[in-house]
Structures are given as C-alpha cells and as structure tokens.
>>> print(open('start-v7.txt').read())   # compact mmCIF, C-alpha atoms
# COMPACT_ATOMS: atom_id res chain seq x y z
CA MET A 1 -87.31 -36.03 17.85
CA THR A 2 -85.36 -32.79 17.62
CA ALA A 3 -83.19 -33.66 20.60
CA THR A 4 -82.37 -37.01 19.04
CA LEU A 5 -81.25 -35.34 15.81
CA VAL A 6 -79.05 -32.90 17.73
CA LYS A 7 -77.40 -35.70 19.67
CA GLU A 8 -76.76 -37.68 16.47
CA ALA A 9 -75.33 -34.64 14.68
CA SER A 10 -72.98 -33.56 17.46
CA PRO A 11 -70.26 -36.32 17.18
CA PRO A 12 -69.37 -35.55 13.52
CA ALA A 13 -69.04 -31.84 14.37
CA ALA A 14 -66.62 -32.65 17.17
CA ALA A 15 -64.58 -34.88 14.87
CA GLY A 16 -64.50 -32.22 12.16
CA ALA A 17 -63.17 -29.63 14.62
CA GLY A 18 -59.91 -31.60 15.05
CA THR A 19 -59.15 -32.15 11.36
CA PRO A 20 -57.36 -28.76 10.65
CA ARG A 21 -54.64 -29.61 13.17
CA ARG A 22 -53.36 -32.58 11.15
CA PRO A 23 -52.51 -30.63 7.97
CA ARG A 24 -50.89 -27.92 10.11
CA ARG A 25 -48.81 -30.46 12.00
CA ARG A 26 -47.87 -32.19 8.78
CA GLY A 27 -46.85 -28.87 7.20
CA ARG A 28 -44.59 -28.08 10.15
CA LEU A 29 -43.00 -31.51 9.92
CA ILE A 30 -42.35 -31.09 6.18
CA ALA A 31 -40.90 -27.61 6.76
CA LEU A 32 -38.64 -28.99 9.49
CA LEU A 33 -37.40 -31.74 7.17
CA PHE A 34 -36.50 -29.17 4.53
CA VAL A 35 -34.74 -26.92 7.07
CA LEU A 36 -32.96 -29.78 8.83
CA PRO A 37 -29.91 -29.97 6.44
CA ALA A 38 -29.36 -26.22 6.80
CA LEU A 39 -29.70 -26.49 10.60
CA LEU A 40 -27.17 -29.32 10.67
CA LEU A 41 -24.70 -27.28 8.62
CA LEU A 42 -25.34 -24.21 10.78
CA GLY A 43 -24.73 -26.23 13.91
CA ALA A 44 -21.57 -27.89 12.56
CA LEU A 45 -20.03 -24.78 11.01
CA VAL A 46 -21.23 -22.00 13.35
CA VAL A 47 -22.76 -23.12 16.64
CA TYR A 48 -20.27 -25.87 17.49
CA PRO A 49 -17.14 -23.77 16.70
CA VAL A 50 -18.53 -20.89 18.78
CA LEU A 51 -19.27 -23.10 21.76
CA PHE A 52 -15.94 -24.91 21.41
CA SER A 53 -14.04 -21.60 21.27
CA VAL A 54 -15.85 -20.33 24.37
CA GLY A 55 -14.91 -23.50 26.24
CA ARG A 56 -11.35 -23.55 24.91
CA SER A 57 -10.78 -19.98 26.11
CA PHE A 58 -10.88 -21.23 29.72
CA PHE A 59 -7.94 -23.63 29.21
CA ASP A 60 -4.20 -23.11 28.88
CA ALA A 61 -2.12 -23.30 25.70
CA SER A 62 -1.97 -27.10 25.81
CA GLY A 63 -5.72 -27.39 26.37
CA THR A 64 -5.31 -29.72 29.36
CA ARG A 65 -5.38 -27.36 32.36
CA PHE A 66 -8.38 -25.23 33.30
CA VAL A 67 -7.25 -21.64 33.94
CA GLY A 68 -10.60 -19.86 34.26
CA GLY A 69 -10.45 -16.22 33.17
CA GLU A 70 -6.67 -16.05 33.06
CA ASN A 71 -6.64 -15.84 29.25
CA TYR A 72 -9.01 -12.87 29.35
CA THR A 73 -6.85 -10.99 31.86
CA GLU A 74 -3.70 -11.85 29.90
CA MET A 75 -5.38 -10.59 26.74
CA PHE A 76 -5.65 -7.06 28.13
CA ARG A 77 -2.13 -7.11 29.59
CA ASP A 78 -0.52 -7.94 26.24
CA PRO A 79 0.73 -4.75 24.44
CA ALA A 80 0.19 -6.39 21.03
CA THR A 81 -3.46 -7.13 21.86
CA LEU A 82 -4.02 -3.57 23.12
CA LYS A 83 -2.54 -2.26 19.86
CA ALA A 84 -4.87 -4.60 17.93
CA VAL A 85 -7.86 -3.22 19.87
CA ARG A 86 -6.73 0.32 19.10
CA ASN A 87 -6.28 -0.41 15.39
CA THR A 88 -9.66 -2.16 15.26
CA ALA A 89 -11.26 0.93 16.81
CA ILE A 90 -9.61 3.09 14.12
CA TRP A 91 -10.96 0.75 11.45
CA VAL A 92 -14.49 0.81 12.92
CA VAL A 93 -14.59 4.61 13.11
CA VAL A 94 -12.79 5.57 9.89
CA ALA A 95 -13.56 2.94 7.24
CA PRO A 96 -17.39 2.71 7.54
CA THR A 97 -17.69 6.50 7.85
CA LEU A 98 -15.61 7.16 4.73
CA LEU A 99 -17.31 4.39 2.77
CA THR A 100 -20.81 5.56 3.66
CA GLY A 101 -19.92 9.15 2.79
CA LEU A 102 -18.26 8.20 -0.50
CA GLY A 103 -21.11 5.87 -1.40
CA LEU A 104 -23.67 8.60 -0.75
CA ILE A 105 -21.80 11.23 -2.77
CA LEU A 106 -21.17 8.88 -5.69
CA ALA A 107 -24.75 7.56 -5.68
CA VAL A 108 -26.12 11.11 -5.88
CA LEU A 109 -23.64 12.14 -8.60
CA VAL A 110 -24.13 8.98 -10.67
CA GLU A 111 -27.84 9.80 -11.02
CA LYS A 112 -26.84 12.80 -13.11
CA VAL A 113 -24.37 10.88 -15.32
CA ARG A 114 -25.50 9.66 -18.71
CA TRP A 115 -23.61 6.37 -18.51
CA ALA A 116 -24.65 5.67 -14.93
CA THR A 117 -24.83 1.88 -15.33
CA ALA A 118 -21.33 1.63 -16.80
CA PHE A 119 -19.97 3.89 -14.07
CA LYS A 120 -21.56 1.76 -11.34
CA LEU A 121 -20.16 -1.36 -12.97
CA LEU A 122 -16.63 0.05 -12.95
CA LEU A 123 -16.85 1.03 -9.29
CA PHE A 124 -18.40 -2.30 -8.31
CA MET A 125 -15.83 -4.41 -10.18
CA PRO A 126 -13.29 -4.48 -7.29
CA MET A 127 -15.88 -6.48 -5.31
CA ALA A 128 -15.20 -9.33 -7.74
CA VAL A 129 -11.52 -9.34 -6.77
CA SER A 130 -10.59 -11.54 -3.84
CA PHE A 131 -9.01 -9.92 -0.80
CA LEU A 132 -5.88 -11.97 -1.47
CA ALA A 133 -5.50 -10.58 -4.99
CA ALA A 134 -6.36 -7.04 -3.83
CA GLY A 135 -3.76 -7.31 -1.08
CA ILE A 136 -1.06 -8.35 -3.55
CA ILE A 137 -2.04 -5.52 -5.92
CA PHE A 138 -1.77 -2.87 -3.21
CA ARG A 139 1.37 -4.39 -1.70
CA LEU A 140 3.00 -3.74 -5.07
CA ALA A 141 1.36 -0.32 -5.48
CA TYR A 142 2.65 0.78 -2.05
CA ASP A 143 6.22 -0.43 -2.70
CA GLU A 144 8.72 2.21 -1.57
CA ASP A 145 10.92 1.76 -4.66
CA PRO A 146 9.62 4.27 -7.28
CA ASP A 147 10.62 1.80 -10.01
CA LYS A 148 8.12 -0.74 -8.58
CA GLY A 149 5.45 1.13 -6.61
CA VAL A 150 3.10 3.15 -8.80
CA LEU A 151 2.12 5.52 -5.98
CA ASN A 152 5.69 6.45 -5.16
CA ALA A 153 6.47 6.78 -8.86
CA ALA A 154 3.71 9.40 -9.11
CA VAL A 155 4.81 11.16 -5.91
CA VAL A 156 8.45 11.29 -7.03
CA SER A 157 7.47 12.63 -10.45
CA VAL A 158 5.43 15.45 -8.93
CA HIS A 159 8.14 16.25 -6.37
CA ASP A 160 10.91 16.37 -8.98
CA ALA A 161 8.76 18.55 -11.25
CA PHE A 162 8.55 21.26 -8.57
CA GLU A 163 11.65 20.76 -6.42
CA GLY A 164 14.11 19.32 -8.92
CA THR A 165 16.69 16.69 -8.08
CA SER A 166 20.45 16.50 -7.74
CA SER A 167 22.42 15.14 -10.71
CA TYR A 168 25.34 13.98 -8.55
CA PRO A 169 24.04 12.11 -5.47
CA THR A 170 27.12 9.80 -5.45
CA ALA A 171 29.80 12.42 -6.16
CA ARG A 172 32.57 13.02 -3.62
CA ALA A 173 35.93 14.75 -3.46
CA ARG A 174 39.30 12.99 -3.38
CA GLU A 175 41.01 13.29 -0.03
CA GLY A 176 43.94 15.68 0.01
CA ARG A 177 43.10 17.22 -3.36
CA GLY A 178 41.98 20.67 -2.25
CA LEU A 179 38.41 20.01 -1.07
CA THR A 180 37.25 19.16 2.45
CA LYS A 181 33.81 17.96 3.47
CA ALA A 182 31.78 20.02 5.96
CA ALA A 183 29.37 18.65 8.56
CA ASP A 184 26.35 19.60 6.44
CA GLY A 185 27.59 17.57 3.43
CA ALA A 186 28.98 20.52 1.48
CA TYR A 187 32.56 20.69 0.15
CA ARG A 188 34.89 23.68 0.67
CA THR A 189 38.26 24.60 -0.74
CA SER A 190 41.05 23.93 1.76
CA THR A 191 42.94 27.09 0.84
CA ALA A 192 41.70 30.61 0.24
CA VAL A 193 41.38 31.97 -3.30
CA SER A 194 41.31 35.53 -4.62
CA PRO A 195 40.07 37.37 -7.71
CA GLY A 196 42.41 36.63 -10.60
CA ASP A 197 42.77 32.95 -9.66
CA THR A 198 41.65 29.97 -11.73
CA VAL A 199 40.54 26.98 -9.64
CA ALA A 200 40.00 23.35 -10.63
CA LEU A 201 37.62 21.41 -8.33
CA GLY A 202 37.83 17.70 -9.04
CA LEU A 203 35.20 15.16 -7.94
CA VAL A 204 34.93 11.41 -8.28
CA GLY A 205 32.20 8.82 -7.69
CA VAL A 206 30.19 9.59 -10.84
CA GLN A 207 29.90 6.94 -13.53
CA PRO A 208 30.59 8.37 -17.01
CA GLN A 209 27.25 7.00 -18.23
CA ASP A 210 25.48 8.92 -15.43
CA LEU A 211 26.75 12.31 -16.57
CA PRO A 212 24.02 14.75 -17.71
CA ALA A 213 23.36 14.89 -21.41
CA GLY A 214 25.48 17.56 -23.08
CA ALA A 215 28.42 17.39 -20.66
CA GLU A 216 31.61 18.56 -22.42
CA PRO A 217 35.35 18.08 -21.72
CA ALA A 218 36.68 20.40 -19.03
CA PHE A 219 40.23 20.80 -20.39
CA GLY A 220 39.55 23.95 -22.38
CA ALA A 221 37.76 25.67 -19.47
CA ALA A 222 40.63 24.84 -17.10
CA ALA A 223 43.13 26.40 -19.52
CA ARG A 224 41.40 29.82 -19.55
CA LYS A 225 42.96 32.42 -17.31
CA ALA A 226 40.93 34.69 -15.06
CA GLY A 227 40.87 38.40 -15.80
CA ALA A 228 41.24 41.27 -13.39
CA GLY A 229 38.62 41.19 -10.64
CA GLU A 230 37.41 37.84 -11.89
CA LEU A 231 37.48 34.48 -10.11
CA ARG A 232 37.24 31.62 -12.57
CA GLY A 233 37.21 27.86 -12.20
CA VAL A 234 35.98 24.49 -13.37
CA VAL A 235 34.23 21.58 -11.62
CA TYR A 236 35.18 18.35 -13.35
CA LEU A 237 35.10 14.56 -13.01
CA ASP A 238 38.64 13.64 -11.97
CA PHE A 239 38.55 10.34 -13.80
CA THR A 240 39.88 9.45 -17.24
CA PRO A 241 37.84 6.76 -19.08
CA GLY A 242 40.09 3.82 -19.97
CA GLY A 243 42.72 4.74 -17.38
CA GLY A 244 45.65 7.08 -17.40
CA GLY A 245 45.63 10.73 -16.46
CA GLU A 246 46.87 12.40 -13.29
CA GLN A 247 44.86 12.87 -10.11
CA GLY A 248 44.09 16.50 -9.25
CA ARG A 249 44.82 17.71 -12.79
CA VAL A 250 42.36 18.27 -15.64
CA ASP A 251 43.20 15.90 -18.47
CA ARG A 252 41.99 16.21 -22.03
CA ARG A 253 39.43 13.42 -21.81
CA GLU A 254 37.97 14.35 -18.42
CA SER A 255 34.43 15.74 -18.46
CA GLY A 256 33.11 18.85 -16.81
CA LEU A 257 30.18 18.59 -14.39
CA PRO A 258 27.40 20.90 -15.61
CA GLU A 259 24.59 22.39 -13.51
CA MET A 260 26.67 22.30 -10.32
CA THR A 261 26.12 25.18 -7.87
CA VAL A 262 29.27 26.98 -6.69
CA GLU A 263 29.29 29.67 -3.98
CA ALA A 264 31.89 32.26 -3.06
CA VAL A 265 32.04 32.61 0.74
CA ARG A 266 33.70 35.38 2.73
CA ASP A 267 33.63 35.77 6.51
CA GLY A 268 31.11 32.93 6.72
CA ARG A 269 28.67 34.65 4.35
CA THR A 270 27.84 33.71 0.75
CA VAL A 271 28.59 36.76 -1.38
CA ALA A 272 28.12 35.25 -4.87
CA SER A 273 26.74 32.13 -6.50
CA ALA A 274 27.14 30.58 -9.94
CA THR A 275 26.05 27.49 -11.87
CA THR A 276 28.54 25.54 -13.95
CA ALA A 277 28.22 25.43 -17.73
CA SER A 278 28.20 22.30 -19.89
CA ASP A 279 32.03 22.08 -19.61
CA GLY A 280 31.90 22.57 -15.82
CA SER A 281 33.20 26.15 -15.96
CA PHE A 282 32.05 28.97 -13.67
CA ARG A 283 33.17 32.51 -12.90
CA PHE A 284 32.52 35.30 -10.43
CA GLU A 285 32.85 38.91 -11.61
CA ASP A 286 33.22 42.18 -9.74
CA LEU A 287 34.40 40.56 -6.53
CA ALA A 288 36.11 42.81 -4.02
CA ASP A 289 39.75 42.15 -3.32
CA GLY A 290 40.44 39.71 -0.54
CA ALA A 291 40.42 36.01 0.32
CA TYR A 292 37.43 33.78 -0.45
CA THR A 293 36.44 30.19 0.08
CA LEU A 294 34.63 28.31 -2.69
CA ARG A 295 31.85 26.01 -1.56
CA LEU A 296 29.91 23.26 -3.33
CA PRO A 297 26.59 23.21 -1.37
CA ALA A 298 25.17 19.93 -0.07
CA SER A 299 22.22 20.33 -2.46
CA ASN A 300 24.56 19.27 -5.27
CA PHE A 301 24.93 15.87 -3.64
CA ALA A 302 21.47 15.34 -2.17
CA PRO A 303 20.17 11.79 -2.65
CA PRO A 304 17.17 11.47 -4.98
CA TYR A 305 13.74 11.79 -3.41
CA GLU A 306 12.44 8.26 -2.81
CA GLY A 307 8.80 9.05 -2.11
CA VAL A 308 6.62 8.17 0.88
CA SER A 309 7.03 5.15 3.13
CA TRP A 310 3.42 4.02 2.72
CA LEU A 311 3.98 0.78 4.60
CA GLY A 312 6.03 2.29 7.41
CA PRO A 313 4.80 2.20 11.03
CA ALA A 314 3.08 5.60 10.76
CA LEU A 315 1.09 5.07 7.54
CA VAL A 316 0.54 1.32 7.27
CA THR A 317 -2.96 1.34 8.80
CA PRO A 318 -4.25 4.28 6.66
CA ALA A 319 -2.69 2.62 3.60
CA ILE A 320 -4.54 -0.65 4.23
CA ILE A 321 -7.79 1.25 4.88
CA GLY A 322 -7.26 2.89 1.47
CA ALA A 323 -7.12 -0.55 -0.15
CA TYR A 324 -10.30 -1.51 1.70
CA LEU A 325 -12.05 1.62 0.40
CA TRP A 326 -11.10 0.69 -3.16
CA ILE A 327 -12.83 -2.66 -2.76
CA TRP A 328 -15.99 -1.65 -0.89
CA THR A 329 -16.89 1.79 -2.27
CA GLY A 330 -18.89 0.22 -5.10
CA PHE A 331 -20.88 -1.87 -2.61
CA ALA A 332 -21.87 1.20 -0.57
CA MET A 333 -22.70 3.19 -3.72
CA VAL A 334 -24.96 0.49 -5.18
CA LEU A 335 -26.93 -0.02 -1.94
CA ILE A 336 -27.36 3.70 -1.35
CA GLY A 337 -28.24 4.19 -5.01
CA ALA A 338 -30.99 1.59 -4.68
CA GLY A 339 -32.40 3.51 -1.73
CA LEU A 340 -32.05 6.75 -3.64
CA SER A 341 -34.16 5.41 -6.50
CA THR A 342 -37.09 4.82 -4.10
CA LEU A 343 -37.25 8.41 -2.82
CA PRO A 344 -40.49 10.28 -3.60
CA ARG A 345 -39.69 12.51 -6.54
CA ASP A 346 -42.60 14.81 -5.81
CA ALA A 347 -40.93 15.94 -2.57
CA LEU A 348 -37.74 16.79 -4.44
CA GLU A 349 -39.60 18.63 -7.19
CA ALA A 350 -41.69 20.53 -4.66
CA ALA A 351 -38.52 21.69 -2.92
CA ARG A 352 -37.06 22.88 -6.23
CA MET A 353 -40.26 24.76 -7.02
CA ASP A 354 -40.04 26.44 -3.62
CA GLY A 355 -36.59 27.76 -4.52
CA ALA A 356 -34.32 25.31 -2.71
CA ASN A 357 -30.92 24.76 -4.32
CA GLU A 358 -29.35 21.33 -4.83
CA TRP A 359 -27.24 21.51 -1.67
CA GLN A 360 -30.29 22.35 0.45
CA ILE A 361 -32.26 19.51 -1.16
CA PHE A 362 -29.41 17.11 -0.52
CA ARG A 363 -28.90 18.14 3.12
CA ARG A 364 -32.51 18.64 4.22
CA ILE A 365 -34.43 16.10 2.11
CA THR A 366 -32.22 13.46 0.51
CA VAL A 367 -30.06 12.63 3.53
CA PRO A 368 -32.95 12.47 6.08
CA LEU A 369 -35.02 10.25 3.77
CA LEU A 370 -32.00 7.99 3.17
CA ALA A 371 -31.17 7.75 6.89
CA PRO A 372 -32.49 4.14 7.25
CA VAL A 373 -30.46 2.96 4.25
CA LEU A 374 -27.35 4.82 5.39
CA THR A 375 -27.65 3.25 8.84
CA VAL A 376 -27.92 -0.28 7.41
CA VAL A 377 -24.90 0.30 5.14
CA PHE A 378 -22.87 1.76 8.01
CA VAL A 379 -23.66 -1.04 10.46
CA THR A 380 -23.03 -3.71 7.80
CA LEU A 381 -19.61 -2.21 7.12
CA VAL A 382 -18.88 -2.01 10.85
CA ILE A 383 -19.50 -5.75 11.12
CA ASN A 384 -17.30 -6.36 8.09
CA VAL A 385 -14.31 -4.27 9.22
CA MET A 386 -14.26 -5.95 12.63
CA LYS A 387 -13.45 -9.20 10.84
CA VAL A 388 -10.91 -7.81 8.35
CA PHE A 389 -7.93 -10.13 8.11
CA ASP A 390 -6.71 -10.77 4.56
CA LEU A 391 -5.69 -7.22 3.65
CA VAL A 392 -3.84 -6.60 6.90
CA TYR A 393 -1.98 -9.89 6.78
CA ILE A 394 -0.95 -9.55 3.11
CA ILE A 395 -0.21 -5.82 2.74
CA ALA A 396 1.64 -5.14 6.00
CA PRO A 397 5.31 -6.24 5.75
CA GLY A 398 6.71 -8.44 8.51
CA PRO A 399 8.57 -5.67 10.43
CA VAL A 400 5.38 -3.56 10.75
CA GLN A 401 2.90 -6.42 11.08
CA GLU A 402 2.46 -5.63 14.76
CA ASP A 403 1.85 -1.94 14.01
CA ALA A 404 -0.98 -2.83 11.61
CA THR A 405 -2.49 -5.79 13.47
CA VAL A 406 -6.21 -5.93 14.25
CA LEU A 407 -8.15 -8.38 16.40
CA ALA A 408 -8.65 -10.93 13.61
CA THR A 409 -4.96 -11.03 12.66
CA GLN A 410 -3.90 -11.02 16.30
CA MET A 411 -6.19 -13.98 16.97
CA TRP A 412 -4.59 -15.91 14.09
CA LEU A 413 -1.03 -14.96 15.06
CA VAL A 414 -1.55 -15.96 18.68
CA SER A 415 -3.21 -19.25 17.76
CA PHE A 416 -1.38 -20.44 14.64
CA GLY A 417 1.16 -17.83 13.53
CA GLY A 418 3.90 -18.71 15.99
CA GLY A 419 2.22 -18.12 19.34
CA ASN A 420 0.65 -21.60 19.48
CA ASN A 421 -1.58 -20.49 22.35
CA GLN A 422 -5.05 -21.46 21.24
CA GLY A 423 -6.46 -20.70 24.68
CA LEU A 424 -5.52 -17.02 24.34
CA GLY A 425 -6.51 -17.09 20.68
CA SER A 426 -9.96 -18.45 21.60
CA ALA A 427 -10.35 -15.65 24.14
CA LEU A 428 -9.58 -13.13 21.38
CA GLY A 429 -12.17 -14.85 19.17
CA VAL A 430 -14.78 -14.57 21.95
CA LEU A 431 -13.95 -10.87 22.36
CA LEU A 432 -14.40 -10.33 18.63
CA LEU A 433 -17.74 -12.19 18.75
CA LEU A 434 -18.96 -10.02 21.63
CA LEU A 435 -18.05 -6.90 19.68
CA VAL A 436 -19.84 -8.06 16.52
CA ILE A 437 -23.07 -9.30 18.16
CA PRO A 438 -24.51 -5.85 19.10
CA ALA A 439 -24.09 -4.60 15.54
CA MET A 440 -25.70 -7.78 14.17
CA VAL A 441 -28.67 -7.50 16.57
CA PHE A 442 -29.12 -3.84 15.64
CA ASN A 443 -29.11 -4.67 11.93
CA VAL A 444 -31.62 -7.54 12.30
CA ARG A 445 -34.01 -5.45 14.39
CA ARG A 446 -33.85 -2.58 11.94
CA PHE A 447 -34.50 -4.97 9.06
CA LYS A 448 -37.58 -6.42 10.82
CA ARG A 449 -38.82 -2.93 11.63
CA SER A 450 -38.51 -1.88 8.00
CA GLN A 451 -40.48 -4.97 6.90
CA ARG A 452 -43.32 -4.10 9.30
>>> encode(input="start-v7.txt", output="structure tokens")
Amino acid sequence: MTATLVKEASPPAAAGAGTPRRPRRRGRLIALLFVLPALLLLGALVVYPVLFSVGRSFFDASGTRFVGGENYTEMFRDPATLKAVRNTAIWVVVAPTLLTGLGLILAVLVEKVRWATAFKLLLFMPMAVSFLAAGIIFRLAYDEDPDKGVLNAAVVSVHDAFEGTSSYPTARAREGRGLTKAADGAYRTSTAVSPGDTVALGLVGVQPQDLPAGAEPAFGAAARKAGAGELRGVVYLDFTPGGGGEQGRVDRRESGLPEMTVEAVRDGRTVASATTASDGSFRFEDLADGAYTLRLPASNFAPPYEGVSWLGPALVTPAIIGAYLWIWTGFAMVLIGAGLSTLPRDALEAARMDGANEWQIFRRITVPLLAPVLTVVFVTLVINVMKVFDLVYIIAPGPVQEDATVLATQMWLVSFGGGNNQGLGSALGVLLLLLVIPAMVFNVRRFKRSQR
C-alpha cells in the first residue's frame, strides 16, 4: 500500500521540479525584448562603424584596392601624424594631471567656504557651454591684437605700467636735414655740435592728433640762445598743420615733441642725457669744451608692446589646454568633492586631536583615502582628452593648425579636410581606438571592484 502511494506521488513531484525554469526563461526573454532596441542602436552606431573602419583601414584611398598594412606603415612615416601623436601625448600627460590636481585643491578648499554650493555652480557652469562656443570664446580671448584679445590687453597694460611705452613709434627724420639713422634705430646729428650752440632736431611721421597731451609750440624754445658752457636745442615736429612752413626750420605753428630722450655723445660714449620739455626743448649744462654728437636713442621710436602670441607655434597647444581646463575643472571638482564628502570624519578628527596640522592631514589621510576617486577622475579625463577635437580645430588658426593637431583632428583632416584618404584616416581611427581601450577597461574593472 505504501509503495503504491509513493509511486502515485512521484510523477507530480517530477513535474513540479521543472516549473521554475519557465518563469526564468520567460523573464530572460522579456529582458531581451526590452534591451533589443538599445542593442540595435549600439550595433548600428558603435559596433558597425568600428568594424567598418577596421576593414576600411586595409584599403587604399579609393577603397577599391586592398593594401594590407600599408596605411599603418604610412601613418608612422607621416611627419604630421608623428606630430599629432606627440601632441596627444602632451595632452594625456598634462591636462588630466592639472585637472585632477586643481579639482582636488578646489574640492578641499570649497568645503571651508560658506557659499560652497554657489561656488561649485560657478565653476561647473562652463560644462554647460558647448566646445564650439568655448572655442570661439577663447579664440577671441587669445587674439594677438590688444584691442580684441582680453588676455593681451591685460598683458600689455601690466607691461606698460612697469616698462612704459614710446610716444613716437612712427616718427622719423627727414633725409638730408641734419639727422642720420644708425643701425640700431637711433638718430644722430650729421655734424658735430659744441657748447654754446642751439640745435633744432626736426622729425616727421607723427600725426598731430597723436601728439602727447600738453605738447606746446616749439618756436619760442628754438629762439632761445645757449649760454656759455651750455648746449641747448629743441626736438620738434617738422610739419605745419594746414600746409605752409619751411622744411628744416621751426615755424610758429609747429609743435615740440615732449618726453623725448636726447643724449650727448663724445668719443662713442654718452656723457649726458636729457628729456625734452612740453615745448620739445632740452639743454646740457657744464659740458667740457669740444665736439659732441647728439643722439635720439632707438627707445624713443620703439614700437608699442603687442603682447604674447598665444596662438603662435610655440604656445598654441598650452593655450588650447588652458581652454580645456576652464571647461573641465568644475567636473573634476564636483566628482572629487563627492568622494570627499564620504570620508570618515572620525579619522580626520582623530588626526587633529593627535596634533597633525592641515597639510599633514591632507597629505597623509585625505589624499590616500581619495585615491580610488582620483584614479577614476584621472582615467576618465585621459579617455576624454584622447578624443579632443572641437577646441583644437576651432582655436588653432590655419597656419598653426599642424602645430596643434592631435590624433582626432589629424584623422578628420586626412579623411575629410582635404586629404580625402579615408583608408589612412580609418587607420588613424583604429590607432585612437587601441589607445582608448586600455583606459576604458581599467575604468570598468575599477568600477566593478568598487561595487564588490
């Protein structure tokens, strides 16, 4: 009887054992249906272009002839590509390091600021600006003309405040009127002068409206006679407004040139120096008897300081990295600040109670505890700078585009920007992919490790 009951009960148990598989299989099918649109988009927008680029890199520019690895060998023979690799290496080393350091410092300092949220918002706001708009902003900011570029306007203002600037960059002497130009840009009197002489040094090339404020007519100064042991003269604008007058002679309406440096030279050595007054007059007293040459130093005619060539071949890459820092510093600060808020406060307070100062706490406790966050921020920025394109393409002017090029811009220029060699461009894209993949794998593994 018992055996019969066991035999009758066994079939339902066997049937019940298979029932959990159906809901599990159905759940997987439903999950697959939900993921399928995303997988299709991923395949169409990521997987297919990657595979197509890999295949296209083995064909010539026309895409009809198989060339094997010729594009890859050509890539490393091209000087422009080698320069792009070098610039990309500079970007990878400099930009993420500076951004991570700035983000860490700002995140630590912001914690002690009363309006921390507003400060973070201000620093994070550039992230809302597109790279196109940021590139245009910094292209204008880096303009070499101080009247347009704000950076050069500031540099020129500081320079002129300490060094001063010439008031007569366009002035020159009339030929055959007593002044000759030296190799260094200075002007000398053609004939020797002696104490007791009165000399008139006429210049042209200065617009009347460009004269310094307070300039007075030079006629009265030219009429004064030099005393004994005195050498007197006047530096004037040899031009009469409205016409008339006589060249080489001081007329009544001709203006003196104030703040002009005049030197008395004897035997090749400057023995005295004077600065012209508002009417252009100058004088040397107590000069020894003998012949002298009067010289107007080149500093009187020095062109105005124009600032720094930010977008020249030497500084274009650092200038573009500066624009990139402006955009991404807020991103690094916010991420590091989020990690900073999770640090155990008891460890920090215990260190303070043990007598550690803030620098020791920062170096020995804060930074080691933030190491995982700093690593993620650094690697994320490394991935990002390898793909930088917009800023380089927009900020760098055409003549220095090759000096600033990186792999992403070089890939575009070779493929579509005039090179029309999509085989070589695809090879550059594959190289860029191979450089990015290790950083991506490292970031994903570290993220999974932190979750566990």
>>> residues_around(input="start-v7.txt", residues="A:Gly339", least_positions_apart="4", cutoff="10 Å", atoms="all atoms listed in the file", output="count of residues only")
11
>>> residues_around(input="start-v7.txt", residues="stretch 397-401 of chain A", least_positions_apart="4", cutoff="7 Å", atoms="only C-alpha atoms", output="list in words")
Gly312, Pro313 and Thr405 of chain A
>>> write_last_selection(input="start-v7.txt", atoms="C-alpha atoms", output="mmCIF file, keeping the file's coordinate frame")
data_model
loop_
_atom_site.group_PDB
_atom_site.id
_atom_site.type_symbol
_atom_site.label_atom_id
_atom_site.label_comp_id
_atom_site.auth_asym_id
_atom_site.auth_seq_id
_atom_site.Cartn_x
_atom_site.Cartn_y
_atom_site.Cartn_z
ATOM 1 C CA GLY A 312 6.030 2.290 7.410
ATOM 2 C CA PRO A 313 4.800 2.200 11.030
ATOM 3 C CA THR A 405 -2.490 -5.790 13.470
#
>>> closest_residue(input="start-v7.txt", among="A:Ile321, A:Met411, A:Val379, A:Leu428", to="A:Phe442", atoms="only C-alpha atoms")
A:Val379
>>> closest_residue(input="start-v7.txt", among="A:Leu413, A:Ala404, A:Ala222, A:Ile320", to="A:Gly135", atoms="all atoms listed in the file")
A:Ile320
>>> residues_around(input="start-v7.txt", residues="A:Phe416", least_positions_apart="6", cutoff="10 Å", atoms="all atoms listed in the file", output="list of chain:residue names")
A:Gln410, A:Gln422, A:Gly425
>>> closest_residue(input="start-v7.txt", among="A:Gly196, A:Gly429, A:Gly149, A:Pro303", to="A:Ala408", atoms="all atoms listed in the file")
A:Gly429
>>> atom_distance(input="start-v7.txt", atom1="atom CA of A:Leu231", atom2="atom CA of A:Asp267")
17.1 Å
>>> closest_residue(input="start-v7.txt", among="A:Val47, A:Ala95, A:Ala298, A:Ala133", to="A:Ser166", atoms="only C-alpha atoms")
A:Ala298
>>> atom_distance(input="start-v7.txt", atom1="atom CA of A:Ile136", atom2="atom CA of A:Pro304")
27.0 Å
>>> atom_distance(input="start-v7.txt", atom1="atom CA of A:Arg139", atom2="atom CA of A:Leu311")
8.6 Å
>>> closest_residue(input="start-v7.txt", among="A:Pro195, A:Gly68, A:Gly256, A:Gly243", to="A:Arg283", atoms="all atoms listed in the file")
A:Pro195
>>> residues_around(input="start-v7.txt", residues="A:Gly220", least_positions_apart="6", cutoff="10 Å", atoms="only C-alpha atoms", output="PyMOL selection string")
chain A and resi 234+250-252+256+279+281
>>> closest_residue(input="start-v7.txt", among="A:Pro258, A:Gly423, A:Gly268, A:Gly337", to="A:Leu106", atoms="only C-alpha atoms")
A:Gly337
